[in-house]
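This is work18.cif. It holds mmCIF, C-alpha atoms.
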data_run
loop_
_atom_site.label_atom_id
_atom_site.label_comp_id
_atom_site.auth_asym_id
_atom_site.auth_seq_id
_atom_site.Cartn_x
_atom_site.Cartn_y
_atom_site.Cartn_z
CA MET A 1 101.92 120.70 104.48
CA VAL A 2 102.73 124.41 104.95
CA ILE A 3 103.61 126.50 101.87
CA GLU A 4 105.46 129.79 102.36
CA ALA A 5 103.79 132.96 101.12
CA ARG A 6 106.58 133.61 98.62
CA ASP A 7 105.97 130.18 97.11
CA LEU A 8 102.24 130.74 96.91
CA LEU A 9 102.85 134.07 95.17
CA TRP A 10 104.00 132.27 92.02
CA LEU A 11 101.05 129.88 92.24
CA LEU A 12 98.51 132.64 92.70
CA LEU A 13 99.79 135.17 90.16
CA PRO A 14 98.12 133.33 87.23
CA LEU A 15 94.94 133.13 89.30
CA ALA A 16 95.21 136.83 90.06
CA ALA A 17 95.72 137.63 86.39
CA ALA A 18 92.74 135.49 85.43
CA SER A 19 90.64 137.10 88.14
CA GLY A 20 91.65 140.55 86.94
CA TRP A 21 90.80 139.75 83.35
CA TYR A 22 87.48 138.26 84.33
CA ALA A 23 86.62 141.19 86.59
CA ALA A 24 87.49 143.63 83.85
CA HIS A 25 85.54 141.62 81.28
CA ARG A 26 82.47 141.44 83.51
CA ASP A 27 82.78 145.09 84.44
CA GLN A 28 82.96 146.02 80.77
CA ARG A 29 79.81 144.14 79.98
CA ARG A 30 77.89 145.57 82.91
CA ARG A 31 79.16 149.10 82.75
CA SER A 32 79.89 149.94 79.17
CA SER A 33 80.21 153.58 80.07
CA ARG A 34 83.47 152.96 81.90
CA LYS A 35 86.81 152.89 80.13
CA ASP A 36 88.25 149.54 79.00
CA GLY A 37 90.54 147.82 81.52
CA ASN A 38 88.82 148.96 84.72
CA LEU A 39 89.52 146.36 87.44
CA SER A 40 87.42 145.41 90.41
CA PRO A 41 88.54 146.77 93.79
CA ASP A 42 88.50 143.14 95.00
CA TYR A 43 91.27 142.36 92.52
CA PHE A 44 93.54 145.03 93.98
CA ARG A 45 92.62 143.91 97.49
CA GLY A 46 93.71 140.35 96.61
CA ILE A 47 96.99 141.60 95.13
CA ASN A 48 97.58 143.64 98.29
CA TYR A 49 97.13 140.51 100.43
CA LEU A 50 99.66 138.71 98.28
CA LEU A 51 102.22 141.49 98.59
CA ASN A 52 101.71 141.57 102.35
CA GLU A 53 102.25 137.79 102.59
CA GLN A 54 98.65 136.98 103.48
CA PRO A 55 98.02 134.19 100.95
CA ASP A 56 94.94 132.73 102.69
CA LYS A 57 93.06 136.03 102.45
CA ALA A 58 94.22 136.46 98.87
CA ILE A 59 92.91 133.01 97.93
CA GLU A 60 89.56 133.78 99.56
CA VAL A 61 89.21 137.03 97.61
CA PHE A 62 90.12 135.52 94.25
CA THR A 63 87.78 132.58 94.86
CA GLN A 64 84.87 134.91 95.52
CA MET A 65 85.68 136.93 92.40
CA LEU A 66 85.64 133.92 90.10
CA GLU A 67 82.07 133.00 89.29
CA VAL A 68 81.74 129.43 88.09
CA ASN A 69 81.28 129.18 84.33
CA THR A 70 82.80 127.28 81.44
CA GLU A 71 85.71 129.73 81.35
CA THR A 72 86.70 129.38 85.01
CA VAL A 73 86.14 125.65 85.71
CA GLU A 74 89.80 124.76 85.23
CA THR A 75 90.83 127.53 87.60
CA HIS A 76 88.46 126.25 90.28
CA LEU A 77 89.71 122.69 89.79
CA ALA A 78 93.32 123.84 90.16
CA LEU A 79 92.44 125.86 93.25
CA GLY A 80 90.67 122.90 94.90
CA SER A 81 93.61 120.64 94.14
CA LEU A 82 95.94 123.22 95.71
CA PHE A 83 93.85 123.24 98.89
CA ARG A 84 93.93 119.43 99.09
CA ARG A 85 97.72 119.31 98.69
CA ARG A 86 98.05 121.87 101.47
CA GLY A 87 95.89 119.70 103.75
CA GLU A 88 92.91 122.07 103.68
CA VAL A 89 90.55 119.33 102.62
CA GLU A 90 87.33 120.99 103.79
CA ARG A 91 87.95 123.99 101.53
CA ALA A 92 88.78 121.68 98.62
CA ILE A 93 85.53 119.78 99.20
CA ARG A 94 83.49 123.01 99.20
CA ILE A 95 85.01 124.14 95.91
CA HIS A 96 84.47 120.82 94.16
CA GLN A 97 80.95 120.36 95.54
CA ASN A 98 80.11 123.86 94.29
CA LEU A 99 81.42 122.93 90.86
CA ILE A 100 79.39 119.73 90.62
CA ALA A 101 76.21 121.60 91.55
CA ARG A 102 76.54 123.84 88.46
CA PRO A 103 74.24 122.74 85.60
CA THR A 104 76.46 124.45 83.02
CA LEU A 105 79.28 121.88 83.26
CA ASP A 106 79.77 119.53 80.35
CA LYS A 107 80.28 115.77 80.93
CA ALA A 108 84.08 115.92 80.91
CA GLN A 109 84.18 118.82 83.38
CA ARG A 110 81.69 117.16 85.70
CA SER A 111 83.58 113.85 85.71
CA GLN A 112 86.84 115.68 86.47
CA ALA A 113 85.16 117.53 89.35
CA LEU A 114 83.78 114.20 90.64
CA CYS A 115 87.27 112.71 90.50
CA GLU A 116 88.71 115.62 92.46
CA LEU A 117 85.91 115.45 95.05
CA ALA A 118 86.43 111.69 95.48
CA GLN A 119 90.11 112.31 96.16
CA ASP A 120 89.13 114.99 98.70
CA TYR A 121 86.94 112.49 100.54
CA TYR A 122 89.71 109.87 100.42
CA LYS A 123 92.24 112.33 101.83
CA ALA A 124 89.79 113.29 104.59
CA GLY A 125 89.21 109.64 105.55
CA LEU A 126 85.55 109.70 104.43
CA LEU A 127 85.97 106.33 102.79
CA ASP A 128 82.37 105.40 102.08
CA ARG A 129 81.75 108.71 100.27
CA ALA A 130 84.97 108.28 98.33
CA GLU A 131 84.02 104.69 97.47
CA ASN A 132 80.65 105.71 96.06
CA LEU A 133 82.18 108.35 93.80
CA PHE A 134 85.02 106.08 92.65
CA LEU A 135 82.49 103.36 91.79
CA GLU A 136 80.67 105.90 89.63
CA LEU A 137 83.96 106.93 88.02
CA THR A 138 84.83 103.33 87.11
CA GLU A 139 82.13 103.57 84.43
CA ILE A 140 83.89 106.56 82.82
CA PRO A 141 86.82 105.35 80.69
CA ALA A 142 88.95 108.45 81.28
CA HIS A 143 88.90 107.91 85.07
CA ALA A 144 88.33 104.16 85.43
CA GLU A 145 91.95 103.12 86.01
CA GLN A 146 92.66 105.75 88.67
CA ALA A 147 89.33 105.04 90.38
CA LEU A 148 90.00 101.30 90.53
CA HIS A 149 93.48 101.85 91.97
CA LEU A 150 92.08 104.03 94.75
CA LEU A 151 89.21 101.63 95.38
CA MET A 152 91.78 98.90 95.98
CA HIS A 153 93.55 101.14 98.50
CA ILE A 154 90.24 101.79 100.28
CA TYR A 155 89.41 98.09 100.49
CA GLU A 156 92.91 97.30 101.72
CA GLN A 157 92.49 99.77 104.58
CA GLU A 158 89.09 98.30 105.43
CA LYS A 159 90.41 94.72 104.96
CA ASP A 160 87.49 94.02 102.64
CA TRP A 161 89.43 91.50 100.58
CA ASP A 162 86.51 90.27 98.47
CA LYS A 163 85.84 93.78 97.16
CA ALA A 164 89.57 94.33 96.72
CA ILE A 165 89.73 91.21 94.54
CA THR A 166 86.77 92.39 92.45
CA ALA A 167 88.35 95.81 91.88
CA GLY A 168 91.74 94.27 91.18
CA ARG A 169 90.33 91.90 88.57
CA ARG A 170 88.65 94.78 86.77
CA LEU A 171 91.84 96.80 86.88
CA ALA A 172 93.90 93.86 85.60
CA ARG A 173 91.82 93.90 82.40
CA THR A 174 92.66 97.53 81.68
CA ALA A 175 95.95 98.38 83.42
CA ASP A 176 99.39 97.69 81.98
CA GLY A 177 100.98 96.80 85.34
CA LYS A 178 100.93 93.20 86.51
CA LEU A 179 98.54 92.79 89.43
CA GLU A 180 98.80 89.03 89.86
CA PRO A 181 101.10 89.17 92.96
CA VAL A 182 98.75 91.66 94.66
CA LEU A 183 95.63 89.64 93.86
CA ALA A 184 97.36 86.53 95.20
CA GLN A 185 98.03 88.37 98.46
CA TYR A 186 94.35 89.28 98.75
CA HIS A 187 93.44 85.59 98.48
CA CYS A 188 96.07 84.76 101.11
CA GLU A 189 94.47 87.32 103.43
CA LEU A 190 91.17 85.50 103.02
CA GLY A 191 92.91 82.16 103.56
CA GLU A 192 94.59 83.25 106.79
CA ARG A 193 91.33 84.67 108.06
CA ALA A 194 89.60 81.35 107.35
CA LEU A 195 92.39 79.43 109.06
CA GLN A 196 92.05 81.59 112.18
CA THR A 197 88.36 80.69 112.37
CA GLY A 198 89.08 76.97 111.87
CA ASN A 199 87.73 76.80 108.33
CA VAL A 200 90.60 74.80 106.86
CA THR A 201 88.68 73.94 103.68
CA GLN A 202 88.22 77.60 102.80
CA ALA A 203 91.79 78.38 103.82
CA LEU A 204 93.14 75.74 101.44
CA ALA A 205 90.85 76.91 98.63
CA SER A 206 92.04 80.50 99.01
CA ALA A 207 95.68 79.43 99.06
CA MET A 208 95.26 77.32 95.92
CA GLU A 209 93.51 80.23 94.20
CA ALA A 210 96.47 82.45 95.09
CA LEU A 211 98.90 79.94 93.58
CA ALA A 212 96.77 79.69 90.44
CA ILE A 213 97.03 83.47 90.04
CA ASP A 214 100.70 83.73 91.03
CA PRO A 215 102.64 80.44 91.09
CA LYS A 216 105.54 82.21 92.85
CA CYS A 217 103.44 83.23 95.84
CA VAL A 218 105.49 82.12 98.88
CA ARG A 219 102.78 83.07 101.30
CA ALA A 220 100.31 80.72 99.63
CA SER A 221 102.76 77.80 99.85
CA ILE A 222 103.28 78.52 103.55
CA LEU A 223 99.51 78.48 104.03
CA VAL A 224 99.05 75.24 102.08
CA GLY A 225 101.70 73.57 104.25
CA ARG A 226 100.14 74.77 107.48
CA VAL A 227 96.72 73.51 106.46
CA ALA A 228 98.22 70.12 105.63
CA ALA A 229 100.07 70.02 108.95
CA MET A 230 96.87 70.84 110.85
CA GLN A 231 95.19 67.93 109.09
CA GLY A 232 98.03 65.58 110.04
CA ASN A 233 99.41 65.33 106.48
CA GLU A 234 103.07 65.98 107.29
CA ARG A 235 104.36 64.77 103.94
CA ASP A 236 102.04 67.11 102.03
CA ALA A 237 103.10 69.93 104.35
CA ILE A 238 106.79 69.24 103.71
CA ARG A 239 106.23 69.16 99.93
CA ALA A 240 104.38 72.49 100.06
CA TRP A 241 107.09 74.17 102.13
CA GLN A 242 109.92 72.77 100.04
CA LYS A 243 108.45 74.53 96.99
CA ILE A 244 109.37 77.83 98.62
CA GLU A 245 113.00 77.37 97.64
CA GLN A 246 112.00 77.52 93.96
CA GLN A 247 109.66 80.45 94.53
CA ASP A 248 112.01 82.65 96.58
CA ALA A 249 114.76 80.88 98.52
CA GLU A 250 115.16 83.79 100.95
CA TYR A 251 111.88 82.82 102.62
CA LEU A 252 112.78 79.18 103.30
CA ASP A 253 114.04 80.25 106.72
CA GLU A 254 110.46 81.20 107.62
CA VAL A 255 109.32 77.57 107.67
CA ILE A 256 112.51 75.65 108.43
CA ASP A 257 111.40 75.02 112.02
CA GLU A 258 108.03 73.76 110.79
CA ILE A 259 109.75 71.49 108.27
CA ALA A 260 111.92 70.14 111.09
CA ALA A 261 108.84 69.49 113.25
CA ALA A 262 107.12 67.64 110.39
CA PHE A 263 110.15 65.40 109.82
CA ARG A 264 110.32 64.66 113.55
CA LYS A 265 106.67 63.59 113.58
CA LEU A 266 107.50 61.21 110.76
CA ASN A 267 110.57 59.95 112.69
CA GLU A 268 112.71 60.86 109.68
CA GLU A 269 115.34 63.16 111.14
CA SER A 270 118.02 61.53 109.00
CA GLN A 271 116.02 62.47 105.91
CA PHE A 272 115.74 66.00 107.27
CA MET A 273 119.52 66.24 107.64
CA LEU A 274 119.97 64.95 104.10
CA TYR A 275 117.51 67.58 102.86
CA LEU A 276 119.33 70.32 104.77
CA ARG A 277 122.69 69.27 103.32
CA GLU A 278 121.21 69.50 99.83
CA VAL A 279 119.84 72.95 100.60
CA ALA A 280 123.18 74.01 102.12
CA ALA A 281 124.84 73.49 98.76
CA ARG A 282 122.56 76.18 97.28
CA ARG A 283 123.44 79.13 99.57
CA PRO A 284 120.43 79.06 101.94
CA GLY A 285 119.44 81.47 104.68
CA MET A 286 121.36 81.60 107.93
CA ARG A 287 118.58 80.07 110.04
CA THR A 288 118.62 76.98 107.85
CA LEU A 289 122.39 76.64 108.23
CA LEU A 290 122.21 77.07 111.99
CA THR A 291 119.53 74.36 112.15
CA LEU A 292 121.85 72.05 110.22
CA SER A 293 124.76 72.89 112.51
CA GLU A 294 122.64 71.93 115.52
CA LEU A 295 121.82 68.57 113.96
CA ILE A 296 125.52 67.97 113.26
CA ARG A 297 126.36 68.87 116.86
CA ALA A 298 123.75 66.46 118.21
CA ARG A 299 124.90 63.59 116.00
CA ASP A 300 128.66 64.12 115.54
CA GLY A 301 129.68 66.41 118.40
CA GLU A 302 130.83 69.97 119.01
CA SER A 303 134.00 69.77 116.92
CA ALA A 304 132.16 68.58 113.81
CA ALA A 305 129.59 71.36 114.14
CA GLN A 306 132.36 73.92 114.69
CA THR A 307 134.18 72.75 111.55
CA PHE A 308 130.95 72.95 109.52
CA VAL A 309 130.12 76.48 110.70
CA ALA A 310 133.68 77.71 110.12
CA GLU A 311 133.63 76.39 106.56
CA ARG A 312 130.30 78.04 105.86
CA LEU A 313 131.51 81.33 107.30
CA ARG A 314 134.35 81.41 104.81
CA GLN A 315 131.83 81.01 101.98
CA GLN A 316 129.04 83.09 103.49
CA PRO A 317 130.25 85.60 106.14
CA SER A 318 127.56 86.66 108.61
CA VAL A 319 127.24 87.94 112.15
CA PRO A 320 124.77 85.20 113.28
CA GLY A 321 127.11 82.55 111.90
CA LEU A 322 130.10 84.02 113.73
CA LYS A 323 128.09 84.14 116.95
CA ARG A 324 127.19 80.46 116.49
CA LEU A 325 130.85 79.55 116.00
CA ILE A 326 131.82 81.29 119.24
CA ASP A 327 128.96 79.49 121.05
CA LEU A 328 130.38 76.17 119.91
CA GLN A 329 133.88 77.12 121.00
CA VAL A 330 132.70 78.18 124.46
CA THR A 331 130.80 74.92 125.04
CA GLN A 332 134.03 72.99 124.49
CA ASP A 333 135.41 74.71 127.61
CA VAL A 334 138.84 75.28 126.06
CA PRO A 335 141.18 77.05 128.53
CA VAL A 336 141.38 80.40 126.72
CA ALA A 337 140.57 83.95 127.76
CA ARG A 338 136.96 83.15 128.55
CA GLU A 339 136.07 86.67 129.68
CA SER A 340 137.17 88.07 126.32
CA ILE A 341 135.17 85.46 124.47
CA ASP A 342 132.08 86.24 126.56
CA LEU A 343 132.48 89.92 125.79
CA VAL A 344 132.77 89.30 122.06
CA LYS A 345 129.79 86.97 122.28
CA ASP A 346 127.65 89.62 123.95
CA VAL A 347 128.62 92.28 121.40
CA LEU A 348 127.94 89.94 118.50
CA GLY A 349 124.59 89.05 120.06
CA GLN A 350 123.62 92.71 120.04
CA LEU A 351 124.78 93.13 116.43
CA ALA A 352 122.93 90.01 115.37
CA ALA A 353 119.73 91.31 117.01
CA GLN A 354 120.06 94.57 115.10
CA GLN A 355 120.44 92.73 111.81
CA GLU A 356 117.60 90.32 112.39
CA GLY A 357 114.11 90.94 111.11
CA TYR A 358 112.91 92.16 107.74
CA GLN A 359 113.54 95.10 105.46
CA CYS A 360 111.42 96.55 102.66
CA ARG A 361 113.04 96.45 99.24
CA GLN A 362 111.12 99.56 98.18
CA CYS A 363 111.33 102.04 101.05
CA GLY A 364 113.84 100.52 103.50
CA PHE A 365 111.40 100.07 106.39
CA HIS A 366 112.90 97.69 108.99
CA GLY A 367 110.83 95.59 111.39
CA GLN A 368 111.11 92.45 113.48
CA ALA A 369 107.93 90.81 112.15
CA LEU A 370 107.25 89.65 108.60
CA HIS A 371 104.60 91.83 106.95
CA TRP A 372 103.39 90.72 103.54
CA GLN A 373 102.36 94.34 102.97
CA CYS A 374 104.94 96.94 104.06
CA PRO A 375 103.49 99.09 106.90
CA ALA A 376 105.32 102.17 105.57
CA CYS A 377 104.95 102.25 101.78
CA HIS A 378 102.13 99.63 101.57
CA GLY A 379 103.96 97.68 98.87
CA TRP A 380 103.02 94.01 98.64
CA VAL A 381 105.67 91.26 98.93
CA SER A 382 108.40 93.88 99.37
CA MET A 383 109.63 92.79 102.83
CA GLN A 384 112.65 90.47 102.70
CA PRO A 385 114.56 88.73 105.50
CA ALA A 386 117.44 90.94 106.63
CA SER A 387 119.46 88.11 108.10
CA CYS A 388 119.58 85.68 105.16
CA ALA A 389 123.21 86.45 104.32
CA VAL A 390 124.29 89.55 106.20
CA SER A 391 127.78 90.60 105.16
CA LEU A 392 130.29 91.50 107.82
CA VAL A 393 131.39 94.39 105.62
CA VAL A 394 128.75 97.13 105.59
CA PRO A 395 128.76 99.32 102.44
CA GLU A 396 129.50 102.98 103.09
CA ASN A 397 126.34 104.14 101.32
CA ARG A 398 124.03 101.84 103.31
CA THR A 399 121.15 103.66 104.91
CA ASP A 400 120.35 102.48 108.41
CA VAL A 401 116.58 102.37 108.72
CA ASP A 402 116.29 100.11 111.74
CA GLY A 403 113.46 101.32 113.91
CA ALA A 404 111.76 103.38 111.20
CA LYS A 405 108.13 104.09 111.98
CA ALA A 406 105.37 103.03 109.64
CA ALA A 407 103.28 105.73 108.06
CA PRO A 408 99.84 106.02 109.67
CA VAL A 409 97.03 104.38 107.75
CA ARG A 410 93.89 106.37 107.57
CA GLY A 411 90.71 104.38 107.62
CA GLY A 412 87.15 104.10 108.86
CA ARG A 413 83.72 104.83 107.50
CA THR A 414 81.39 107.69 108.19
#

Rendering of file as structure tokens:
Amino acid sequence: MVIEARDLLWLLLPLAAASGWYAAHRDQRRRSSRKDGNLSPDYFRGINYLLNEQPDKAIEVFTQMLEVNTETVETHLALGSLFRRRGEVERAIRIHQNLIARPTLDKAQRSQALCELAQDYYKAGLLDRAENLFLELTEIPAHAEQALHLLMHIYEQEKDWDKAITAGRRLARTADGKLEPVLAQYHCELGERALQTGNVTQALASAMEALAIDPKCVRASILVGRVAAMQGNERDAIRAWQKIEQQDAEYLDEVIDEIAAAFRKLNEESQFMLYLREVAARRPGMRTLLTLSELIRARDGESAAQTFVAERLRQQPSVPGLKRLIDLQVTQDVPVARESIDLVKDVLGQLAAQQEGYQCRQCGFHGQALHWQCPACHGWVSMQPASCAVSLVVPENRTDVDGAKAAPVRGGRT
């Protein structure tokens, strides 16, 4: 981040004043023969740099003038923090390391300097150094909560979910905010990792632990169902997935195809249709309704499916639903202006594609894949399906964030 010289002038004037006072005070002690108020030439040189819009040189001069003692610690801390915010992490690290090396610091000043240095390392991507300092700070009550928060961020970047759980549990005992949903996501990460390696027992255990921590964890129910399906227990899988409607009905669309496959394996497609009709009465997602319309088409014909979709569109307007209705009309081969219908169909297909995917409730990030942690703002369980019930009328103040890029995640050990 670049700060204009005129902006830095206001930030540095207090530092300049403090430097001038300190220089005068030191000069008075060392040279009592001089008149009171004599200032060091370095002070005027620093002021001259400021007036000539050379803030970097001014900062360097004032830093050299300020010897570290109990009276200037706060100034050094503020200066190091300023460097870090400007992106000059190396200079911030030098200042804070120099502070910590001073034997004259009291415990509170040293712990504050450690906290600042740990944040410098974190900003620089030196995660193992930052981790070591934050672990030390967790034993200091004044800094424990902040240190645990940042430790969780470090472990998230490194995908060290066991350590993230340990830090999160410690933080949950001291912090006011509810961490249960985040801790449940950490257990789901472990469960999905175990499932990828074929360890279904561990995957199920992690999913059940997540549900014990957060009974509303949709991701854990999805994982429980998939483990059951892999083991050939279709009924258990269906029961696990059906719980999602009580947890957060928007996510039922995510497993509707898997529920359909499980019912087919049980040769109970009629039961599946009955289940879908029950769900349809409770304003489900569009994918669920389209699945039901396909079953109606297969059993009762195109006209019945068309009637069903048209009725649902009146209750729940959506672009995917309208596209489905046109598809059904075209398949009936009614002698109408087919070219016009094809054109409308293509346009609606493009609109539907734009409105598919997922959007973050917190920052507005839009993506085509479901991320349990938002790639942009890193919020957990903040991504929601964008096509559950997309209105045909777009509010004027809606911000279009389709195609937004995720913020880069800094990581790695040194």

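You will find atom CA of A:Pro385 at 6.0 Å from atom CA of A:Gly357.
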
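Relative to atom CA of A:Val279, atom CA of A:Ile326 is found at 23.7 Å.
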
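Our summary of the geometry notes that atom CA of A:Gln368 is positioned 20.3 Å from atom CA of A:Arg324.
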
Which of these residues is nearest to A:Leu114, using all atoms listed in the file: A:Leu126, A:Leu195, A:Val89, A:Ile140?
A:Ile140

Please write the residues picked by the PyMOL selection byres ((chain A and resi 129) around 12) on this file as an MDAnalysis selection string.
chainID A and resid 93 114:115 117:128 130:136 151 154 412:414

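Of the residues under consideration (A:Thr166, A:Arg219, A:Ala113, A:Val227), A:Val227 shows the shortest atom-to-atom contact distance to A:Ala203 when counting only C-alpha atoms.
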
What would the selection look like, as a short mmCIF file (atom, residue, chain, number, x, y, z; two decimals) with C-alpha atoms, in the coordinates of the input, if the PyMOL selection byres ((chain A and resi 229-232) around 10) were run on the coordinates I just shared?
data_model
loop_
_atom_site.label_atom_id
_atom_site.label_comp_id
_atom_site.auth_asym_id
_atom_site.auth_seq_id
_atom_site.Cartn_x
_atom_site.Cartn_y
_atom_site.Cartn_z
CA LEU A 195 92.39 79.43 109.06
CA GLY A 198 89.08 76.97 111.87
CA VAL A 200 90.60 74.80 106.86
CA LEU A 223 99.51 78.48 104.03
CA VAL A 224 99.05 75.24 102.08
CA GLY A 225 101.70 73.57 104.25
CA ARG A 226 100.14 74.77 107.48
CA VAL A 227 96.72 73.51 106.46
CA ALA A 228 98.22 70.12 105.63
CA ASN A 233 99.41 65.33 106.48
CA GLU A 234 103.07 65.98 107.29
CA ARG A 235 104.36 64.77 103.94
CA ASP A 236 102.04 67.11 102.03
CA ALA A 237 103.10 69.93 104.35
CA ILE A 238 106.79 69.24 103.71
CA GLU A 258 108.03 73.76 110.79
CA ILE A 259 109.75 71.49 108.27
CA ALA A 261 108.84 69.49 113.25
CA ALA A 262 107.12 67.64 110.39
CA LYS A 265 106.67 63.59 113.58
#

Please evaluate the PyMOL selection byres ((chain A and resi 284-297) around 8) against the structure above and give the resulting residues as a ChimeraX atom specification.
/A:249-253,256,273,276-277,279-283,298-306,308-309,320-321,324,387-389

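Checking A:Gln384, A:Gln185, A:Thr197, A:Thr307 one by one against A:Ile213, counting all atoms listed in the file, you find the shortest gap at A:Gln185.
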
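Using all atoms listed in the file, the contacts of A:Ala92 at a cut-off of 8 Å, with sequence neighbours closer than 6 positions omitted, comprise A:Leu79, A:Gly80, A:Ser81, A:Leu82, A:Phe83, A:Arg84, A:Leu117, A:Asp120.
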
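Nearest residue to A:Gly379, choosing from A:Cys363, A:Leu150, A:Ile95, A:Ala142 and counting all atoms listed in the file: A:Cys363.
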
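Distance check against A:Val182 using all atoms listed in the file: of A:Ile244, A:Leu328, A:Val381, A:Ala386, the minimum falls on A:Val381.
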
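Nearest to A:Tyr358 of all the residues A:Glu245, A:Glu254, A:Glu90, A:Asp106 is A:Glu254, counting all atoms listed in the file.
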
Return as JSON the centre and edge lengths, in Å with one decimal, of the box along x, y and z that encloses every atom of stretch 120-123 of chain A in the file, padded by 8 Å per side.
{"center_x": 89.6, "center_y": 112.4, "center_z": 100.3, "size_x": 21.3, "size_y": 21.1, "size_z": 19.1}
